[in-house]
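In what follows, a structure is listed as C-alpha cells, so that the remarks can point back to it.
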Amino acid sequence: MAQPAWQDPEPLALGTAPVPEYGSGSLADLLPTLAAGLEVPGFTALIPELTPARRTCVFLIDGLGWEQIKAHPDEAPFLHSLLPTSRGGTGRPLTAGFPSTTATSLASVGTGLPPGEHGLPGYTARNPQTGELMNQLRWKPWTEPKAWQPYPTVFQLAAAVGVHTAQVSAPMFEQTPLTKIALSGGSFLGRLSGEDRMDVAAQRLAAGDRSLVYTYYSEVDGKGHRFGTDSDAWRGQLMYVDGLARRLAEQLPPRSALYITADHGMIDIPFDEQSRIDFDEDWELSAGVALLGGEGRARHVYAVPGAQADVLAVWREVLGEQFWIASRDEAIAAGWFGPTVDERVYGRIGDVVAAAHDDVIITASVNEPHESAMAGVHGSLTPVEQLVPLLEVRS
C-alpha cells in the first residue's frame, strides 16, 4: 500500500545495511589465511577459497575498488583480465570492513583483526582518555601507538617463526605510527618509484623458501580524492598502476602467489548543497554535538553528556532517508565493526554512527576544509566503497 503524501518517510532500516564479511571474506581475513598457508602457528585459513603458496605477495592499491576495475577495462586491461581469478577463482570480491577508509583497512590487513578489535574505527575518532579527536591516518595529536593498538601484526608473528617477511613502500611511510602498529615485522624497504617497488617486491619474494611480502601504491586514491574517478588524472593513474601490476606479475619467482587488493573503493559526490550537507552550517545537526569524527560518508557523532538520545533522534529525522543512522550499541550489535568490540575501543565509536546510503556526504567546511573539498570520497557500506578485489596470479 502506498504511503500517504503527508506522512513522514521512514528512516532506512538498519537491517538493510550490508555488513562486511568478517571471518570469511573481509580484508582482515586475508593475511591470517596466507599465514596459515605458510604454516605460521595460531592462524587458520579464514578465506576458504584460497590455495596455499610457499611465497605470497600482497599488492595493495589504495582506493582501487572492485567496481572501479569492472568499469574501466580499457584503462586497466591487465587488472580487468584478472577479475575472474578474484577470491580463489570464484570471481568474487572481498569486503573492506567499516568504515571503508585507509587507516582502518590497513590496520585490518596488517593485524588480521576487524576494527572493533584493532581499534582504528575511522579516519578520526575520539580518544576516551583525553576527549580529543585523534586522526588515525596522520596520528595527530600524538598518541602512544602500542597503547592505541596493542596487538602484534601478522608480519611480526610470521617473521618470528622464520618466514621471510618484507614491506616495500614509499620511504616516507617507514617511521609512521600507522606503519609501526599495522604493517611492521621483518624488513621495510623504501623505494620512491612504483617500478622499483615492484622489482624489489619480486626480489624479496624470491629471497626465502617461505615468504610474505607486502607492497603498496597510493596515488590512485590521491588523484581520486582531488579530481574524482571520472577525471583524466585518475584514469592516468589507473593506467599506470595497471602496468605496475603486470610488471610484478611477470617477475614472480616459482611457487608464488600474488594477490592484488585495495583498502576501499571510491565514489564521486557532486558539488551542490543537496549532495554536500555542511555540518558546520546546520544548527539542527550540530545541536548537542560535542565532536564530529569520522569522514563525510562514515561519521562518528559524539554527543555532549545527556544529549545522546536527542542527537540520535534528530540525525535520524534529518538524515534517515539518506544515511543508515545507528546508536553506538546498534552499530556494534549489527556487526559493523566486527563480531566483537574490545572494551578499550568502545568509547572511540560515536554515540551516533552515520553511514551514507545515497550519493551524499556530511562535510564540515570550517573544521575540515581540505576533506570537504574532495571530489572523490569513501567510508560507507555501499558496494562501490566496500567491495575490493582479490586478484590472483600464480607461478
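Here, A, B, ... name the chains of the C-alpha cells in the order displayed, residue numbers run from 1 inside each chain, and ligands are numbered from 1 in the same displayed order.
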
DSSP on the backbone: which residues in stretch 192-362 of chain A end up as alpha helix (DSSP H)? Give the answer as a CSV table (one decimal) with C-alpha atoms, in the first residue's frame.
chain,number,residue,atom,x,y,z
A,194,GLY,CA,56.5,2.3,-8.4
A,195,GLU,CA,58.7,0.3,-10.8
A,196,ASP,CA,61.3,0.0,-8.1
A,197,ARG,CA,58.8,-1.2,-5.6
A,198,MET,CA,57.6,-3.9,-8.0
A,199,ASP,CA,61.1,-5.1,-8.7
A,200,VAL,CA,62.2,-5.2,-5.1
A,201,ALA,CA,59.0,-7.0,-4.0
A,202,ALA,CA,59.7,-9.7,-6.6
A,203,GLN,CA,63.3,-10.0,-5.3
A,204,ARG,CA,62.2,-10.2,-1.7
A,205,LEU,CA,59.7,-12.8,-2.6
A,206,ALA,CA,62.4,-15.0,-4.1
A,219,GLU,CA,48.3,7.7,-5.9
A,220,VAL,CA,45.1,6.2,-7.4
A,221,ASP,CA,43.5,7.3,-4.2
A,222,GLY,CA,45.2,10.6,-4.2
A,223,LYS,CA,44.0,11.6,-7.7
A,224,GLY,CA,40.6,10.3,-6.9
A,225,HIS,CA,40.2,12.5,-3.9
A,226,ARG,CA,41.4,15.6,-5.7
A,227,PHE,CA,39.8,15.2,-9.1
A,232,ASP,CA,41.7,12.2,-16.8
A,233,ALA,CA,44.2,12.4,-13.9
A,234,TRP,CA,42.5,9.4,-12.1
A,235,ARG,CA,42.4,7.4,-15.3
A,236,GLY,CA,46.0,8.1,-15.9
A,237,GLN,CA,46.9,6.7,-12.5
A,238,LEU,CA,44.8,3.7,-13.2
A,239,MET,CA,46.7,3.0,-16.4
A,240,TYR,CA,50.0,3.4,-14.6
A,241,VAL,CA,49.1,1.1,-11.8
A,242,ASP,CA,47.8,-1.5,-14.3
A,243,GLY,CA,51.3,-1.5,-15.7
A,244,LEU,CA,52.9,-1.9,-12.3
A,245,ALA,CA,50.7,-4.9,-11.5
A,246,ARG,CA,51.7,-6.5,-14.8
A,247,ARG,CA,55.4,-5.8,-14.1
A,248,LEU,CA,55.2,-7.5,-10.7
A,249,ALA,CA,53.2,-10.5,-12.0
A,283,TRP,CA,22.1,24.1,13.5
A,284,GLU,CA,19.9,21.1,13.7
A,285,LEU,CA,22.7,18.5,13.2
A,286,SER,CA,25.1,20.3,15.4
A,308,GLN,CA,22.8,11.2,23.2
A,309,ALA,CA,19.1,10.2,22.7
A,310,ASP,CA,18.2,13.7,21.3
A,311,VAL,CA,21.1,13.7,18.9
A,312,LEU,CA,20.2,10.3,17.6
A,313,ALA,CA,16.6,11.3,17.1
A,314,VAL,CA,17.5,14.5,15.3
A,315,TRP,CA,20.0,12.8,13.0
A,316,ARG,CA,17.6,10.1,12.2
A,317,GLU,CA,14.8,12.6,11.4
A,318,VAL,CA,17.0,14.8,9.3
A,319,LEU,CA,19.2,12.3,7.5
A,328,ARG,CA,26.8,3.1,19.1
A,329,ASP,CA,25.2,-0.1,20.6
A,330,GLU,CA,23.1,-0.6,17.5
A,331,ALA,CA,26.1,-0.3,15.2
A,332,ILE,CA,28.0,-2.8,17.4
A,333,ALA,CA,25.1,-5.2,17.6
A,343,GLU,CA,36.4,-2.5,25.8
A,344,ARG,CA,39.2,0.0,25.0
A,345,VAL,CA,37.6,0.6,21.6
A,346,TYR,CA,34.0,1.1,22.8

DSSP strand (DSSP E) residues within stretch 38-179 of chain A, as a ChimeraX atom specification: /A:55-61,94-95,124-126,133-135,164-169

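For the choices A:Arg126, A:Arg297, A:His80, A:Arg87, the atom-to-atom distance to A:Leu50 is smallest for A:Arg87 when using only C-alpha atoms.
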
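For the residues A:Leu46, A:Ala303, A:Val213, A:Ile181, ranking by smallest atom-to-atom distance to A:Ser256 using only C-alpha atoms places A:Val213 first.
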
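For the residues A:Ala107, A:Val388, A:Ile69, A:Val58, ranking by smallest atom-to-atom distance to A:Thr179 using only C-alpha atoms places A:Ala107 first.
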
10 Å contact set for A:Ala290, only C-alpha atoms, chain neighbours under 5 positions out, as a ChimeraX atom specification: /A:131,301-305,307

Those selected residues, please, written with all heavy atoms and delivered as a PDB file, in the first residue's frame.
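For reference, out.pdb as written:
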ATOM      1  N   GLY A 131      39.472  12.973  25.452  1.00  0.00           N
ATOM      2  CA  GLY A 131      38.319  13.678  24.907  1.00  0.00           C
ATOM      3  C   GLY A 131      38.574  14.356  23.584  1.00  0.00           C
ATOM      4  O   GLY A 131      37.690  15.007  23.032  1.00  0.00           O
ATOM      5  N   VAL A 301      29.548  10.581  15.671  1.00  0.00           N
ATOM      6  CA  VAL A 301      28.978  11.780  16.275  1.00  0.00           C
ATOM      7  C   VAL A 301      29.025  11.610  17.792  1.00  0.00           C
ATOM      8  O   VAL A 301      28.403  10.678  18.336  1.00  0.00           O
ATOM      9  CB  VAL A 301      27.522  11.998  15.808  1.00  0.00           C
ATOM     10  CG1 VAL A 301      27.004  13.338  16.316  1.00  0.00           C
ATOM     11  CG2 VAL A 301      27.426  11.917  14.291  1.00  0.00           C
ATOM     12  N   TYR A 302      29.763  12.469  18.456  1.00  0.00           N
ATOM     13  CA  TYR A 302      29.939  12.383  19.908  1.00  0.00           C
ATOM     14  C   TYR A 302      29.098  13.469  20.566  1.00  0.00           C
ATOM     15  O   TYR A 302      29.340  14.667  20.354  1.00  0.00           O
ATOM     16  CB  TYR A 302      31.413  12.529  20.279  1.00  0.00           C
ATOM     17  CG  TYR A 302      32.301  11.531  19.555  1.00  0.00           C
ATOM     18  CD1 TYR A 302      32.948  11.877  18.376  1.00  0.00           C
ATOM     19  CD2 TYR A 302      32.455  10.233  20.046  1.00  0.00           C
ATOM     20  CE1 TYR A 302      33.744  10.963  17.705  1.00  0.00           C
ATOM     21  CE2 TYR A 302      33.258   9.314  19.378  1.00  0.00           C
ATOM     22  CZ  TYR A 302      33.896   9.685  18.204  1.00  0.00           C
ATOM     23  OH  TYR A 302      34.683   8.772  17.539  1.00  0.00           O
ATOM     24  N   ALA A 303      28.119  13.061  21.330  1.00  0.00           N
ATOM     25  CA  ALA A 303      27.173  13.996  21.936  1.00  0.00           C
ATOM     26  C   ALA A 303      27.711  14.564  23.241  1.00  0.00           C
ATOM     27  O   ALA A 303      28.542  13.935  23.916  1.00  0.00           O
ATOM     28  CB  ALA A 303      25.839  13.293  22.179  1.00  0.00           C
ATOM     29  N   VAL A 304      27.218  15.748  23.612  1.00  0.00           N
ATOM     30  CA  VAL A 304      27.514  16.259  24.947  1.00  0.00           C
ATOM     31  C   VAL A 304      26.803  15.345  25.949  1.00  0.00           C
ATOM     32  O   VAL A 304      25.778  14.710  25.622  1.00  0.00           O
ATOM     33  CB  VAL A 304      27.050  17.721  25.098  1.00  0.00           C
ATOM     34  CG1 VAL A 304      27.773  18.621  24.109  1.00  0.00           C
ATOM     35  CG2 VAL A 304      25.544  17.844  24.926  1.00  0.00           C
ATOM     36  N   PRO A 305      27.320  15.226  27.160  1.00  0.00           N
ATOM     37  CA  PRO A 305      26.710  14.310  28.131  1.00  0.00           C
ATOM     38  C   PRO A 305      25.220  14.592  28.313  1.00  0.00           C
ATOM     39  O   PRO A 305      24.795  15.736  28.471  1.00  0.00           O
ATOM     40  CB  PRO A 305      27.488  14.602  29.421  1.00  0.00           C
ATOM     41  CG  PRO A 305      28.830  15.064  28.939  1.00  0.00           C
ATOM     42  CD  PRO A 305      28.560  15.852  27.693  1.00  0.00           C
ATOM     43  N   ALA A 307      22.894  14.196  26.048  1.00  0.00           N
ATOM     44  CA  ALA A 307      22.181  14.548  24.811  1.00  0.00           C
ATOM     45  C   ALA A 307      22.170  13.425  23.785  1.00  0.00           C
ATOM     46  O   ALA A 307      21.702  13.621  22.663  1.00  0.00           O
ATOM     47  CB  ALA A 307      22.811  15.795  24.201  1.00  0.00           C
TER      48      ALA A 307
END

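Using only C-alpha atoms, the nearest neighbour of A:Thr229 within the list A:Glu67, A:Gly37, A:Lys140, A:Phe188 is A:Glu67.
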
For stretch 164-172 of chain A: contacts at 9 Å, only C-alpha atoms, fewer than 5 positions along chain excluded, given as a PyMOL selection string: chain A and resi 155-156+158-159+183-194+197-198+200-201+204-205+207-217

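Take the candidates A:Asp230, A:Glu385, A:Glu49, A:Asp342 and check each one against A:Thr95 using only C-alpha atoms; the shortest distance goes to A:Glu385.
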
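Between A:Thr44 and the candidates A:Thr56, A:Gln129, A:Thr101, A:Ser24, the tightest atom-to-atom separation, counting only C-alpha atoms, involves A:Ser24.
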
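Coordinates place atom CA of A:Thr104 at a distance of 21.7 Å from atom CA of A:Ile269.
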
Need to verify the contact set: A:Glu273, 12 Å, only C-alpha atoms, exclusion of same-chain residues closer than 3 positions in sequence. Can you return it as a PDB file with all heavy atoms, in the first residue's frame?
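Final output, saved to selection-v2.pdb:
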ATOM      1  N   ILE A 269      31.140  12.670  -5.507  1.00  0.00           N
ATOM      2  CA  ILE A 269      29.961  13.359  -4.984  1.00  0.00           C
ATOM      3  C   ILE A 269      29.879  14.743  -5.620  1.00  0.00           C
ATOM      4  O   ILE A 269      30.851  15.506  -5.588  1.00  0.00           O
ATOM      5  CB  ILE A 269      30.030  13.491  -3.447  1.00  0.00           C
ATOM      6  CG1 ILE A 269      30.097  12.109  -2.792  1.00  0.00           C
ATOM      7  CG2 ILE A 269      28.829  14.275  -2.917  1.00  0.00           C
ATOM      8  CD1 ILE A 269      28.880  11.225  -3.025  1.00  0.00           C
ATOM      9  N   PRO A 270      28.719  15.091  -6.211  1.00  0.00           N
ATOM     10  CA  PRO A 270      28.580  16.419  -6.833  1.00  0.00           C
ATOM     11  C   PRO A 270      28.787  17.549  -5.838  1.00  0.00           C
ATOM     12  O   PRO A 270      28.532  17.396  -4.638  1.00  0.00           O
ATOM     13  CB  PRO A 270      27.130  16.406  -7.353  1.00  0.00           C
ATOM     14  CG  PRO A 270      26.747  14.964  -7.443  1.00  0.00           C
ATOM     15  CD  PRO A 270      27.505  14.268  -6.356  1.00  0.00           C
ATOM     16  N   ARG A 276      26.043  17.718  -0.572  1.00  0.00           N
ATOM     17  CA  ARG A 276      27.055  18.023   0.434  1.00  0.00           C
ATOM     18  C   ARG A 276      26.396  18.812   1.561  1.00  0.00           C
ATOM     19  O   ARG A 276      26.161  20.019   1.431  1.00  0.00           O
ATOM     20  CB  ARG A 276      28.232  18.781  -0.197  1.00  0.00           C
ATOM     21  CG  ARG A 276      29.019  17.906  -1.158  1.00  0.00           C
ATOM     22  CD  ARG A 276      30.075  18.670  -1.939  1.00  0.00           C
ATOM     23  NE  ARG A 276      30.798  17.734  -2.802  1.00  0.00           N
ATOM     24  CZ  ARG A 276      31.995  17.211  -2.528  1.00  0.00           C
ATOM     25  NH1 ARG A 276      32.644  17.583  -1.429  1.00  0.00           N
ATOM     26  NH2 ARG A 276      32.558  16.346  -3.352  1.00  0.00           N
ATOM     27  N   ILE A 277      26.100  18.122   2.633  1.00  0.00           N
ATOM     28  CA  ILE A 277      25.420  18.705   3.786  1.00  0.00           C
ATOM     29  C   ILE A 277      26.476  19.213   4.757  1.00  0.00           C
ATOM     30  O   ILE A 277      27.265  18.433   5.287  1.00  0.00           O
ATOM     31  CB  ILE A 277      24.517  17.655   4.452  1.00  0.00           C
ATOM     32  CG1 ILE A 277      23.493  17.122   3.451  1.00  0.00           C
ATOM     33  CG2 ILE A 277      23.825  18.229   5.686  1.00  0.00           C
ATOM     34  CD1 ILE A 277      22.874  15.803   3.853  1.00  0.00           C
ATOM     35  N   ASP A 278      26.501  20.515   4.991  1.00  0.00           N
ATOM     36  CA  ASP A 278      27.564  21.129   5.780  1.00  0.00           C
ATOM     37  C   ASP A 278      27.174  21.159   7.256  1.00  0.00           C
ATOM     38  O   ASP A 278      26.354  21.983   7.678  1.00  0.00           O
ATOM     39  CB  ASP A 278      27.842  22.541   5.270  1.00  0.00           C
ATOM     40  CG  ASP A 278      29.106  23.144   5.861  1.00  0.00           C
ATOM     41  OD1 ASP A 278      29.644  22.567   6.827  1.00  0.00           O
ATOM     42  OD2 ASP A 278      29.556  24.187   5.360  1.00  0.00           O
ATOM     43  N   PHE A 279      27.784  20.285   8.023  1.00  0.00           N
ATOM     44  CA  PHE A 279      27.519  20.217   9.458  1.00  0.00           C
ATOM     45  C   PHE A 279      27.806  21.552  10.145  1.00  0.00           C
ATOM     46  O   PHE A 279      27.068  21.966  11.049  1.00  0.00           O
ATOM     47  CB  PHE A 279      28.391  19.114  10.077  1.00  0.00           C
ATOM     48  CG  PHE A 279      28.361  19.060  11.584  1.00  0.00           C
ATOM     49  CD1 PHE A 279      27.383  18.326  12.242  1.00  0.00           C
ATOM     50  CD2 PHE A 279      29.320  19.735  12.340  1.00  0.00           C
ATOM     51  CE1 PHE A 279      27.352  18.276  13.629  1.00  0.00           C
ATOM     52  CE2 PHE A 279      29.305  19.681  13.718  1.00  0.00           C
ATOM     53  CZ  PHE A 279      28.309  18.949  14.368  1.00  0.00           C
ATOM     54  N   GLU A 281      27.346  24.423   9.179  1.00  0.00           N
ATOM     55  CA  GLU A 281      26.340  25.441   8.887  1.00  0.00           C
ATOM     56  C   GLU A 281      24.930  24.965   9.209  1.00  0.00           C
ATOM     57  O   GLU A 281      23.956  25.662   8.891  1.00  0.00           O
ATOM     58  CB  GLU A 281      26.418  25.824   7.401  1.00  0.00           C
ATOM     59  CG  GLU A 281      27.759  26.389   6.962  1.00  0.00           C
ATOM     60  CD  GLU A 281      28.040  27.753   7.559  1.00  0.00           C
ATOM     61  OE1 GLU A 281      27.067  28.459   7.912  1.00  0.00           O
ATOM     62  OE2 GLU A 281      29.225  28.109   7.691  1.00  0.00           O
ATOM     63  N   ASP A 282      24.801  23.813   9.848  1.00  0.00           N
ATOM     64  CA  ASP A 282      23.479  23.221  10.095  1.00  0.00           C
ATOM     65  C   ASP A 282      23.216  23.174  11.599  1.00  0.00           C
ATOM     66  O   ASP A 282      23.771  22.333  12.315  1.00  0.00           O
ATOM     67  CB  ASP A 282      23.430  21.818   9.491  1.00  0.00           C
ATOM     68  CG  ASP A 282      22.016  21.251   9.425  1.00  0.00           C
ATOM     69  OD1 ASP A 282      21.329  21.256  10.471  1.00  0.00           O
ATOM     70  OD2 ASP A 282      21.613  20.811   8.341  1.00  0.00           O
ATOM     71  N   VAL A 360      25.777  11.149  -1.154  1.00  0.00           N
ATOM     72  CA  VAL A 360      25.740  12.340  -0.326  1.00  0.00           C
ATOM     73  C   VAL A 360      26.822  12.229   0.741  1.00  0.00           C
ATOM     74  O   VAL A 360      27.220  11.116   1.114  1.00  0.00           O
ATOM     75  CB  VAL A 360      24.337  12.494   0.318  1.00  0.00           C
ATOM     76  CG1 VAL A 360      24.010  11.313   1.204  1.00  0.00           C
ATOM     77  CG2 VAL A 360      24.195  13.808   1.078  1.00  0.00           C
ATOM     78  N   ILE A 361      27.339  13.377   1.204  1.00  0.00           N
ATOM     79  CA  ILE A 361      28.297  13.381   2.304  1.00  0.00           C
ATOM     80  C   ILE A 361      27.942  14.492   3.287  1.00  0.00           C
ATOM     81  O   ILE A 361      27.251  15.448   2.948  1.00  0.00           O
ATOM     82  CB  ILE A 361      29.760  13.580   1.840  1.00  0.00           C
ATOM     83  CG1 ILE A 361      29.933  14.901   1.081  1.00  0.00           C
ATOM     84  CG2 ILE A 361      30.240  12.410   1.025  1.00  0.00           C
ATOM     85  CD1 ILE A 361      31.379  15.234   0.788  1.00  0.00           C
ATOM     86  N   ILE A 362      28.432  14.329   4.514  1.00  0.00           N
ATOM     87  CA  ILE A 362      28.334  15.367   5.538  1.00  0.00           C
ATOM     88  C   ILE A 362      29.702  16.029   5.629  1.00  0.00           C
ATOM     89  O   ILE A 362      30.662  15.431   6.121  1.00  0.00           O
ATOM     90  CB  ILE A 362      27.931  14.775   6.898  1.00  0.00           C
ATOM     91  CG1 ILE A 362      26.574  14.081   6.788  1.00  0.00           C
ATOM     92  CG2 ILE A 362      27.886  15.868   7.972  1.00  0.00           C
ATOM     93  CD1 ILE A 362      26.260  13.185   7.968  1.00  0.00           C
ATOM     94  N   THR A 363      29.801  17.246   5.132  1.00  0.00           N
ATOM     95  CA  THR A 363      31.052  17.985   5.181  1.00  0.00           C
ATOM     96  C   THR A 363      31.123  18.808   6.475  1.00  0.00           C
ATOM     97  O   THR A 363      30.153  18.897   7.231  1.00  0.00           O
ATOM     98  CB  THR A 363      31.196  18.921   3.979  1.00  0.00           C
ATOM     99  OG1 THR A 363      30.149  19.904   4.023  1.00  0.00           O
ATOM    100  CG2 THR A 363      31.121  18.145   2.672  1.00  0.00           C
TER     101      THR A 363
END
